[in-house]
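Peer 1: Dropping in run_8.cif, which is mmCIF, C-alpha atoms:
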data_run
#
loop_
_atom_site.group_PDB
_atom_site.id
_atom_site.type_symbol
_atom_site.label_atom_id
_atom_site.label_comp_id
_atom_site.auth_asym_id
_atom_site.auth_seq_id
_atom_site.Cartn_x
_atom_site.Cartn_y
_atom_site.Cartn_z
ATOM 1 C CA MET A 1 34.077 37.912 59.429
ATOM 2 C CA ASP A 2 33.720 34.228 58.788
ATOM 3 C CA ILE A 3 33.599 31.835 61.661
ATOM 4 C CA THR A 4 35.961 28.972 61.077
ATOM 5 C CA MET A 5 35.182 25.351 61.873
ATOM 6 C CA GLU A 6 37.853 25.505 64.540
ATOM 7 C CA GLN A 7 36.072 28.375 66.298
ATOM 8 C CA LYS A 8 32.768 26.533 66.082
ATOM 9 C CA LYS A 9 34.291 23.491 67.701
ATOM 10 C CA GLN A 10 35.843 25.596 70.433
ATOM 11 C CA TYR A 11 32.519 27.269 71.085
ATOM 12 C CA GLN A 12 30.770 23.909 71.280
ATOM 13 C CA LYS A 13 33.384 22.718 73.744
ATOM 14 C CA ARG A 14 32.940 25.826 75.858
ATOM 15 C CA VAL A 15 29.147 25.348 75.906
ATOM 16 C CA GLU A 16 29.573 21.783 77.102
ATOM 17 C CA GLN A 17 31.908 22.960 79.836
ATOM 18 C CA VAL A 18 29.656 25.734 81.068
ATOM 19 C CA CYS A 19 26.403 23.787 81.022
ATOM 20 C CA PRO A 20 27.150 20.110 81.489
ATOM 21 C CA GLN A 21 24.505 17.834 80.005
ATOM 22 C CA THR A 22 22.961 15.612 82.606
ATOM 23 C CA ASN A 23 24.110 12.136 81.875
ATOM 24 C CA LEU A 24 21.211 10.052 80.567
ATOM 25 C CA LEU A 25 22.247 6.980 82.502
ATOM 26 C CA THR A 26 22.523 8.863 85.798
ATOM 27 C CA GLY A 27 19.195 10.573 85.181
ATOM 28 C CA CYS A 28 17.489 7.273 84.404
ATOM 29 C CA LEU A 29 18.997 5.570 87.432
ATOM 30 C CA LYS A 30 17.754 8.311 89.763
ATOM 31 C CA ALA A 31 14.297 8.266 88.149
ATOM 32 C CA PHE A 32 14.211 4.477 88.413
ATOM 33 C CA VAL A 33 15.106 4.354 92.111
ATOM 34 C CA VAL A 34 12.887 7.212 93.286
ATOM 35 C CA GLY A 35 9.939 6.293 91.034
ATOM 36 C CA GLY A 36 10.281 2.655 92.038
ATOM 37 C CA LEU A 37 10.380 3.514 95.739
ATOM 38 C CA ILE A 38 7.226 5.643 95.470
ATOM 39 C CA CYS A 39 5.512 2.630 93.878
ATOM 40 C CA VAL A 40 6.790 0.388 96.704
ATOM 41 C CA LEU A 41 5.301 2.841 99.196
ATOM 42 C CA GLY A 42 2.034 2.593 97.245
ATOM 43 C CA GLN A 43 2.232 -1.198 97.353
ATOM 44 C CA MET A 44 2.802 -1.096 101.119
ATOM 45 C CA ILE A 45 -0.256 1.096 101.650
ATOM 46 C CA ASN A 46 -2.239 -1.128 99.305
ATOM 47 C CA THR A 47 -1.246 -4.340 101.111
ATOM 48 C CA TRP A 48 -1.904 -2.759 104.499
ATOM 49 C CA ILE A 49 -5.414 -1.637 103.506
ATOM 50 C CA MET A 50 -6.240 -5.024 101.989
ATOM 51 C CA ASN A 51 -5.424 -6.556 105.385
ATOM 52 C CA PHE A 52 -8.558 -4.824 106.634
ATOM 53 C CA GLY A 53 -10.567 -6.818 104.116
ATOM 54 C CA ALA A 54 -10.852 -4.173 101.401
ATOM 55 C CA ASP A 55 -11.180 -5.435 97.822
ATOM 56 C CA ARG A 56 -8.643 -4.523 95.158
ATOM 57 C CA GLN A 57 -10.496 -1.538 93.770
ATOM 58 C CA LEU A 58 -11.151 -0.027 97.190
ATOM 59 C CA ALA A 59 -7.536 -0.546 98.234
ATOM 60 C CA ALA A 60 -6.288 1.047 94.994
ATOM 61 C CA THR A 61 -8.473 4.105 95.599
ATOM 62 C CA TRP A 62 -7.234 4.484 99.177
ATOM 63 C CA THR A 63 -3.667 4.129 97.936
ATOM 64 C CA SER A 64 -4.163 6.938 95.412
ATOM 65 C CA ILE A 65 -5.769 9.143 98.059
ATOM 66 C CA SER A 66 -2.899 8.536 100.509
ATOM 67 C CA LEU A 67 -0.212 9.265 97.919
ATOM 68 C CA ILE A 68 -2.019 12.411 96.758
ATOM 69 C CA PHE A 69 -2.174 13.532 100.390
ATOM 70 C CA LEU A 70 1.570 12.973 100.762
ATOM 71 C CA GLY A 71 2.379 14.670 97.452
ATOM 72 C CA SER A 72 0.261 17.712 98.325
ATOM 73 C CA PHE A 73 1.692 18.339 101.767
ATOM 74 C CA LEU A 74 5.298 17.518 100.907
ATOM 75 C CA THR A 75 4.995 20.043 98.075
ATOM 76 C CA GLY A 76 3.560 22.642 100.436
ATOM 77 C CA ALA A 77 6.440 22.073 102.841
ATOM 78 C CA GLY A 78 8.871 22.549 99.943
ATOM 79 C CA TRP A 79 10.333 19.054 100.093
ATOM 80 C CA TYR A 80 8.860 17.591 96.946
ATOM 81 C CA ASP A 81 10.509 20.132 94.672
ATOM 82 C CA ASN A 82 13.906 19.187 96.076
ATOM 83 C CA LEU A 83 13.084 15.569 95.329
ATOM 84 C CA GLY A 84 12.078 16.655 91.830
ATOM 85 C CA LYS A 85 15.443 18.303 91.212
ATOM 86 C CA PHE A 86 17.103 15.015 92.060
ATOM 87 C CA ALA A 87 14.735 12.475 90.534
ATOM 88 C CA GLY A 88 13.291 14.183 87.445
ATOM 89 C CA ALA A 89 10.624 11.931 85.941
ATOM 90 C CA GLY A 90 10.888 9.694 89.009
ATOM 91 C CA SER A 91 8.949 12.361 90.882
ATOM 92 C CA ILE A 92 6.799 13.619 87.983
ATOM 93 C CA ILE A 93 5.323 10.339 86.697
ATOM 94 C CA PRO A 94 3.949 8.841 89.968
ATOM 95 C CA ILE A 95 0.555 10.112 91.174
ATOM 96 C CA THR A 96 2.383 12.146 93.856
ATOM 97 C CA GLY A 97 3.679 14.273 90.969
ATOM 98 C CA PHE A 98 0.091 14.989 89.929
ATOM 99 C CA ALA A 99 -0.555 16.387 93.422
ATOM 100 C CA ASN A 100 2.730 18.277 93.212
ATOM 101 C CA GLY A 101 1.603 19.935 89.965
ATOM 102 C CA ILE A 102 -1.625 21.088 91.609
ATOM 103 C CA VAL A 103 -0.093 22.513 94.778
ATOM 104 C CA SER A 104 2.985 24.122 93.267
ATOM 105 C CA SER A 105 0.990 26.089 90.680
ATOM 106 C CA ALA A 106 -1.774 26.932 93.172
ATOM 107 C CA ILE A 107 0.686 28.283 95.759
ATOM 108 C CA GLU A 108 2.561 30.280 93.167
ATOM 109 C CA PHE A 109 -0.562 32.130 92.040
ATOM 110 C CA LYS A 110 -2.181 32.452 95.467
ATOM 111 C CA LYS A 111 -1.380 36.155 95.612
ATOM 112 C CA GLU A 112 -3.682 36.679 92.605
ATOM 113 C CA GLY A 113 -6.613 35.716 94.807
ATOM 114 C CA PHE A 114 -8.497 32.629 95.834
ATOM 115 C CA ILE A 115 -10.759 32.406 92.775
ATOM 116 C CA LEU A 116 -8.740 33.235 89.689
ATOM 117 C CA GLY A 117 -5.405 32.721 91.428
ATOM 118 C CA LEU A 118 -5.483 29.591 93.560
ATOM 119 C CA GLY A 119 -8.780 28.214 92.261
ATOM 120 C CA ALA A 120 -7.979 28.501 88.582
ATOM 121 C CA LYS A 121 -4.238 27.954 88.560
ATOM 122 C CA MET A 122 -4.358 24.709 90.547
ATOM 123 C CA PHE A 123 -5.439 23.109 87.263
ATOM 124 C CA THR A 124 -2.613 24.488 85.125
ATOM 125 C CA ILE A 125 -0.937 21.087 85.052
ATOM 126 C CA ALA A 126 -3.686 18.832 86.444
ATOM 127 C CA GLY A 127 -6.288 20.236 84.024
ATOM 128 C CA PRO A 128 -4.705 18.930 80.809
ATOM 129 C CA VAL A 129 -4.118 15.552 82.500
ATOM 130 C CA LEU A 130 -7.818 15.312 83.396
ATOM 131 C CA VAL A 131 -9.019 16.568 80.015
ATOM 132 C CA TYR A 132 -6.949 14.206 77.913
ATOM 133 C CA GLY A 133 -7.307 11.326 80.354
ATOM 134 C CA VAL A 134 -11.101 11.584 80.326
ATOM 135 C CA LEU A 135 -11.121 12.134 76.552
ATOM 136 C CA ALA A 136 -8.970 9.079 75.851
ATOM 137 C CA SER A 137 -10.922 6.870 78.247
ATOM 138 C CA ALA A 138 -14.286 8.060 76.866
ATOM 139 C CA ILE A 139 -13.108 7.056 73.391
ATOM 140 C CA VAL A 140 -11.991 3.688 74.773
ATOM 141 C CA GLY A 141 -15.412 3.288 76.416
ATOM 142 C CA LEU A 142 -17.211 4.248 73.205
ATOM 143 C CA ILE A 143 -15.237 1.742 71.146
ATOM 144 C CA SER A 144 -15.808 -0.972 73.739
ATOM 145 C CA TYR A 145 -19.559 -0.228 73.524
ATOM 146 C CA PHE A 146 -19.625 -0.985 69.804
ATOM 147 C CA VAL A 147 -17.062 -3.762 69.789
ATOM 148 C CA GLY A 148 -18.608 -5.373 72.863
ATOM 149 C CA MET B 1 8.062 -10.405 96.070
ATOM 150 C CA GLU B 2 5.174 -8.114 95.189
ATOM 151 C CA PHE B 3 7.300 -5.190 96.414
ATOM 152 C CA VAL B 4 10.177 -6.119 94.113
ATOM 153 C CA ARG B 5 7.820 -6.317 91.143
ATOM 154 C CA ALA B 6 6.252 -2.952 92.053
ATOM 155 C CA PHE B 7 9.714 -1.402 92.381
ATOM 156 C CA ILE B 8 11.013 -2.665 89.049
ATOM 157 C CA VAL B 9 7.931 -2.006 86.925
ATOM 158 C CA GLY B 10 7.194 1.372 88.550
ATOM 159 C CA GLY B 11 10.837 2.359 88.207
ATOM 160 C CA LEU B 12 10.954 1.355 84.550
ATOM 161 C CA ILE B 13 7.830 3.373 83.711
ATOM 162 C CA CYS B 14 9.562 6.406 85.259
ATOM 163 C CA VAL B 15 12.690 5.666 83.219
ATOM 164 C CA VAL B 16 10.606 5.935 80.016
ATOM 165 C CA GLY B 17 9.521 9.378 81.235
ATOM 166 C CA GLN B 18 13.115 10.331 82.056
ATOM 167 C CA ILE B 19 14.310 9.357 78.566
ATOM 168 C CA LEU B 20 11.547 11.491 77.020
ATOM 169 C CA LEU B 21 12.513 14.337 79.363
ATOM 170 C CA GLN B 22 16.213 14.266 78.475
ATOM 171 C CA ARG B 23 16.197 13.142 74.857
ATOM 172 C CA THR B 24 13.221 15.014 73.403
ATOM 173 C CA LYS B 25 12.020 18.600 73.642
ATOM 174 C CA LEU B 26 8.765 17.504 75.313
ATOM 175 C CA THR B 27 7.859 19.542 78.392
ATOM 176 C CA PRO B 28 6.915 17.717 81.637
ATOM 177 C CA ALA B 29 3.276 18.804 81.101
ATOM 178 C CA ARG B 30 3.187 17.106 77.699
ATOM 179 C CA ILE B 31 4.856 13.991 79.042
ATOM 180 C CA VAL B 32 2.284 13.506 81.820
ATOM 181 C CA VAL B 33 -0.565 14.017 79.330
ATOM 182 C CA ILE B 34 1.014 11.433 77.012
ATOM 183 C CA PHE B 35 1.362 9.003 79.933
ATOM 184 C CA VAL B 36 -2.264 9.284 81.023
ATOM 185 C CA ALA B 37 -3.573 8.952 77.462
ATOM 186 C CA ALA B 38 -1.197 6.049 76.783
ATOM 187 C CA GLY B 39 -2.411 4.294 79.928
ATOM 188 C CA ALA B 40 -6.021 4.663 78.799
ATOM 189 C CA ILE B 41 -5.308 3.420 75.264
ATOM 190 C CA LEU B 42 -3.207 0.457 76.448
ATOM 191 C CA THR B 43 -6.051 -0.468 78.798
ATOM 192 C CA GLY B 44 -8.507 -0.334 75.909
ATOM 193 C CA LEU B 45 -6.278 -2.674 73.938
ATOM 194 C CA GLY B 46 -6.201 -5.059 76.900
ATOM 195 C CA LEU B 47 -2.452 -4.633 77.376
ATOM 196 C CA TYR B 48 -2.335 -2.766 80.693
ATOM 197 C CA GLN B 49 -4.444 -5.097 82.862
ATOM 198 C CA PRO B 50 -1.794 -7.870 82.732
ATOM 199 C CA LEU B 51 0.808 -5.351 83.897
ATOM 200 C CA VAL B 52 -1.419 -4.347 86.821
ATOM 201 C CA ASP B 53 -1.937 -8.011 87.718
ATOM 202 C CA PHE B 54 1.811 -8.521 87.653
ATOM 203 C CA ALA B 55 3.132 -5.355 89.303
ATOM 204 C CA GLY B 56 0.256 -4.011 91.415
ATOM 205 C CA ALA B 57 1.102 -0.509 92.595
ATOM 206 C CA GLY B 58 4.088 -0.516 90.238
ATOM 207 C CA ALA B 59 1.559 -0.162 87.417
ATOM 208 C CA THR B 60 -1.224 1.773 89.158
ATOM 209 C CA VAL B 61 0.826 4.481 90.937
ATOM 210 C CA PRO B 62 2.463 5.996 87.801
ATOM 211 C CA LEU B 63 0.179 8.262 85.755
ATOM 212 C CA THR B 64 -0.340 5.521 83.175
ATOM 213 C CA GLY B 65 -2.240 3.858 86.022
ATOM 214 C CA PHE B 66 -4.498 6.899 86.278
ATOM 215 C CA GLY B 67 -5.319 6.428 82.591
ATOM 216 C CA TYR B 68 -5.919 2.751 83.334
ATOM 217 C CA THR B 69 -8.377 3.610 86.125
ATOM 218 C CA LEU B 70 -10.254 6.038 83.856
ATOM 219 C CA ALA B 71 -10.463 3.665 80.894
ATOM 220 C CA LYS B 72 -11.370 0.652 83.028
ATOM 221 C CA GLY B 73 -14.150 2.719 84.608
ATOM 222 C CA ALA B 74 -15.452 3.690 81.175
ATOM 223 C CA MET B 75 -15.416 0.095 79.897
ATOM 224 C CA GLU B 76 -17.106 -1.321 82.999
ATOM 225 C CA GLU B 77 -19.816 1.339 83.082
ATOM 226 C CA VAL B 78 -20.528 0.813 79.388
ATOM 227 C CA GLN B 79 -21.110 -2.844 80.235
ATOM 228 C CA SER B 80 -23.575 -2.085 83.017
ATOM 229 C CA SER B 81 -25.370 1.078 81.875
ATOM 230 C CA GLY B 82 -24.748 1.276 78.137
ATOM 231 C CA ILE B 83 -23.646 4.399 76.313
ATOM 232 C CA LEU B 84 -24.189 6.493 79.461
ATOM 233 C CA GLY B 85 -21.058 4.823 80.824
ATOM 234 C CA VAL B 86 -18.951 6.771 78.331
ATOM 235 C CA PHE B 87 -19.845 9.896 80.309
ATOM 236 C CA THR B 88 -20.085 8.568 83.846
ATOM 237 C CA GLY B 89 -17.541 5.723 83.894
ATOM 238 C CA PRO B 90 -14.243 7.626 83.909
ATOM 239 C CA PHE B 91 -15.410 10.003 86.632
ATOM 240 C CA LYS B 92 -16.899 7.278 88.808
ATOM 241 C CA ALA B 93 -13.675 5.298 88.727
ATOM 242 C CA ALA B 94 -11.410 8.274 89.348
ATOM 243 C CA ALA B 95 -13.690 10.073 91.806
ATOM 244 C CA GLY B 96 -11.585 9.193 94.875
ATOM 245 C CA GLY B 97 -8.330 10.355 93.343
ATOM 246 C CA VAL B 98 -9.727 13.519 91.794
ATOM 247 C CA GLY B 99 -11.618 14.382 94.989
ATOM 248 C CA ALA B 100 -8.474 13.904 97.052
ATOM 249 C CA ALA B 101 -6.423 15.944 94.590
ATOM 250 C CA ILE B 102 -8.817 18.889 94.825
ATOM 251 C CA LEU B 103 -9.358 18.711 98.609
ATOM 252 C CA PHE B 104 -5.773 18.063 99.703
ATOM 253 C CA GLY B 105 -4.409 20.243 96.916
ATOM 254 C CA TYR B 106 -6.575 23.128 98.070
ATOM 255 C CA LEU B 107 -5.787 22.622 101.755
ATOM 256 C CA ALA B 108 -2.040 22.420 101.204
ATOM 257 C CA SER B 109 -2.115 25.500 98.958
ATOM 258 C CA VAL B 110 -4.018 27.510 101.553
ATOM 259 C CA LEU B 111 -1.855 26.404 104.468
ATOM 260 C CA PHE B 112 1.554 26.877 102.866
ATOM 261 C CA ASN B 113 3.163 29.870 101.201
ATOM 262 C CA PRO B 114 5.678 30.011 98.359
ATOM 263 C CA GLN B 115 9.162 29.001 99.436
ATOM 264 C CA SER B 116 11.564 31.914 99.496
ATOM 265 C CA LYS B 117 14.182 31.437 96.806
ATOM 266 C CA LYS B 118 17.596 30.858 98.345
#
Would it be possible to restate this file's structure as structure tokens?

Peer 2:
Amino acid sequence: MDITMEQKKQYQKRVEQVCPQTNLLTGCLKAFVVGGLICVLGQMINTWIMNFGADRQLAATWTSISLIFLGSFLTGAGWYDNLGKFAGAGSIIPITGFANGIVSSAIEFKKEGFILGLGAKMFTIAGPVLVYGVLASAIVGLISYFVG
Amino acid sequence: MEFVRAFIVGGLICVVGQILLQRTKLTPARIVVIFVAAGAILTGLGLYQPLVDFAGAGATVPLTGFGYTLAKGAMEEVQSSGILGVFTGPFKAAAGGVGAAILFGYLASVLFNPQSKK
């Protein structure tokens, strides 16, 4: 039996009804606000630490450490994943999302043991980030060595 | 004012990620890898440092900023210790963040258990 164009259209309509596509504008707005606010929090920590006389690099490192701490423990408590459902990339792209990737995969595979479960699986998402980040920056360093 | 700049630039970087998430078939894992690599490459081209100077945490907190830290470390170490810097630079620069990620990540994973699905 041939499927008519009319049936195809009806099916398409039904699909759109059953699983509504997240509106791009809404998604971007949520990502913008949440991602922006996480950066503001980072800026607040950064400014606060620089008040103690830390230089820029030291303050940036402390900021990363603080945000990773927050991301790890909020993930453990189950709050970060709720934020993720709301904010999408707004929670994935900031460094807190990196910590979230580590903890959520580590917790999930904890029952497989502390070595090959927790120990190995904590790098499921963080591993590729480290590998390609180090690879790209090593290439940048190599080029800068020859270019000067 | 520095908070407004951090908010806008950091927010916009996340919006780029959101567009990739919704309009392409890229998985979140691929997107974060692309962001880190892009941050490193833009830093190598000298394009990311101005953004960091302008937006502060708005440019360093997103994962592109992690790539920036790695690449900047590599370039600075190459300056001071030659070709060895290619190997040591990225890790030296990112040591704090990576150390925190492993320590806090481990602690949180040990202390908490998977959330029961509602």

Peer 1: Could you make a table, as a Markdown table, of the residues of chain A that have an atom within 7 Å of an atom of chain B, each with its nearest atom pair and distance in Å to one decimal, counting all atoms listed in the file, in chain and number order?

Peer 2:
| residue | atom | partner | partner_atom | distance |
| --- | --- | --- | --- | --- |
| A:Leu24 | CA | B:Gln22 | CA | 6.9 |
| A:Gly27 | CA | B:Gln18 | CA | 6.8 |
| A:Cys28 | CA | B:Val15 | CA | 5.2 |
| A:Ala31 | CA | B:Val15 | CA | 5.8 |
| A:Phe32 | CA | B:Gly11 | CA | 4.0 |
| A:Val33 | CA | B:Gly11 | CA | 6.1 |
| A:Gly35 | CA | B:Gly11 | CA | 4.9 |
| A:Gly36 | CA | B:Gly11 | CA | 3.9 |
| A:Leu37 | CA | B:Phe7 | CA | 6.0 |
| A:Cys39 | CA | B:Gly58 | CA | 5.0 |
| A:Val40 | CA | B:Phe7 | CA | 5.5 |
| A:Gly42 | CA | B:Ala57 | CA | 5.7 |
| A:Gln43 | CA | B:Ala57 | CA | 4.9 |
| A:Thr61 | CA | B:Gly96 | CA | 6.0 |
| A:Ser64 | CA | B:Gly97 | CA | 5.8 |
| A:Ile65 | CA | B:Gly97 | CA | 5.5 |
| A:Ile68 | CA | B:Ala101 | CA | 6.0 |
| A:Phe69 | CA | B:Phe104 | CA | 5.8 |
| A:Ser72 | CA | B:Gly105 | CA | 5.5 |
| A:Phe73 | CA | B:Ala108 | CA | 5.6 |
| A:Gly76 | CA | B:Phe112 | CA | 5.3 |
| A:Ala77 | CA | B:Phe112 | CA | 6.9 |
| A:Gly78 | CA | B:Gln115 | CA | 6.5 |
| A:Gly88 | CA | B:Gln18 | CA | 6.6 |
| A:Ala89 | CA | B:Gln18 | CA | 4.9 |
| A:Gly90 | CA | B:Cys14 | CA | 5.2 |
| A:Ile93 | CA | B:Pro62 | CA | 5.3 |
| A:Pro94 | CA | B:Pro62 | CA | 3.9 |
| A:Ile95 | CA | B:Val61 | CA | 5.6 |
| A:Ala99 | CA | B:Ala101 | CA | 6.0 |
| A:Ile102 | CA | B:Gly105 | CA | 6.1 |
| A:Val103 | CA | B:Gly105 | CA | 5.3 |
| A:Ala106 | CA | B:Ser109 | CA | 6.0 |
| A:Ile107 | CA | B:Ser109 | CA | 5.1 |
| A:Glu108 | CA | B:Pro114 | CA | 6.1 |
| A:Ile125 | CA | B:Ala29 | CA | 6.2 |
| A:Pro128 | CA | B:Val33 | CA | 6.6 |
| A:Val129 | CA | B:Val33 | CA | 5.0 |
| A:Tyr132 | CA | B:Ala37 | CA | 6.3 |
| A:Gly133 | CA | B:Ala37 | CA | 5.3 |
| A:Val134 | CA | B:Pro90 | CA | 6.2 |
| A:Ala136 | CA | B:Ala37 | CA | 5.6 |
| A:Ser137 | CA | B:Ala71 | CA | 4.2 |
| A:Ala138 | CA | B:Val86 | CA | 5.1 |
| A:Val140 | CA | B:Gly44 | CA | 5.4 |
| A:Gly141 | CA | B:Met75 | CA | 4.7 |
| A:Leu142 | CA | B:Val86 | CA | 6.0 |
| A:Ser144 | CA | B:Met75 | CA | 6.3 |
| A:Tyr145 | CA | B:Val78 | CA | 6.0 |

Peer 1: With 4 Å on each side, where is the centre of the axis-aligned box around all listed atoms of segment 36-46 of chain A, and how long are its edges in Å to one decimal, as lines of an AutoDock Vina configuration file?

Peer 2:
center_x = 4.1
center_y = 2.2
center_z = 96.8
size_x = 20.6
size_y = 14.8
size_z = 17.6

Peer 1: Report the distance between atom CA of Thr96 of chain A and atom CA of Leu51 of chain B in Å, rounded to one decimal place.

Peer 2: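 These two atoms are separated by 20.2 Å.
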
Peer 1: Could you pull the residues within 7 Å of Ala59 of chain A, counting all atoms listed in the file, minus those fewer than 4 positions along the same chain, as a list in words?

Peer 2: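 The contact residues come out as Asn46, Ile49, Met50, Ala54, Asp55 and Thr63 of chain A.
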
Peer 1: Could you please determine the separation between atom CA of Ala60 of chain A and atom CA of Leu29 of chain A in Å, to one decimal place?

Peer 2: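 Atom CA of Ala60 of chain A sits 26.8 Å away from atom CA of Leu29 of chain A.
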
Peer 1: Give me, please, the distance in Å between atom CA of Leu135 of chain A and atom CA of Lys121 of chain A, quoted to one decimal.

Peer 2: 21.0 Å

Peer 1: Within 9 Å of (-7.9, 31.1, 96.1), all atoms listed in the file: residues as a list in words?

Peer 2: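 Protein, DNA and RNA residues close to (-7.9, 31.1, 96.1): Ala106, Phe109, Lys110, Lys111, Glu112, Gly113, Phe114, Ile115, Leu116, Gly117, Leu118, Gly119, Ala120 and Lys121 of chain A; Tyr106, Ser109 and Val110 of chain B.
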
Peer 1: What would the file look like if the residues just selected were written as a compact mmCIF listing (two decimals), in the coordinates of the input with C-alpha atoms?

Peer 2:
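What ended up in again.txt:
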# COMPACT_ATOMS: atom_id res chain seq x y z
CA ALA A 106 -1.77 26.93 93.17
CA PHE A 109 -0.56 32.13 92.04
CA LYS A 110 -2.18 32.45 95.47
CA LYS A 111 -1.38 36.16 95.61
CA GLU A 112 -3.68 36.68 92.60
CA GLY A 113 -6.61 35.72 94.81
CA PHE A 114 -8.50 32.63 95.83
CA ILE A 115 -10.76 32.41 92.78
CA LEU A 116 -8.74 33.24 89.69
CA GLY A 117 -5.40 32.72 91.43
CA LEU A 118 -5.48 29.59 93.56
CA GLY A 119 -8.78 28.21 92.26
CA ALA A 120 -7.98 28.50 88.58
CA LYS A 121 -4.24 27.95 88.56
CA TYR B 106 -6.58 23.13 98.07
CA SER B 109 -2.12 25.50 98.96
CA VAL B 110 -4.02 27.51 101.55

Peer 1: Of the candidates A:Phe52, A:Gly101, A:Leu41, A:Thr124, which shows the shortest atom-to-atom distance to Asp81 of chain A, using only C-alpha atoms?

Peer 2: A:Gly101

Peer 1: May I ask which of the residues A:Phe146, A:Ile38, A:Ser104, A:Arg14 is the closest one to Ser66 of chain A, counting all atoms listed in the file?

Peer 2: A:Ile38
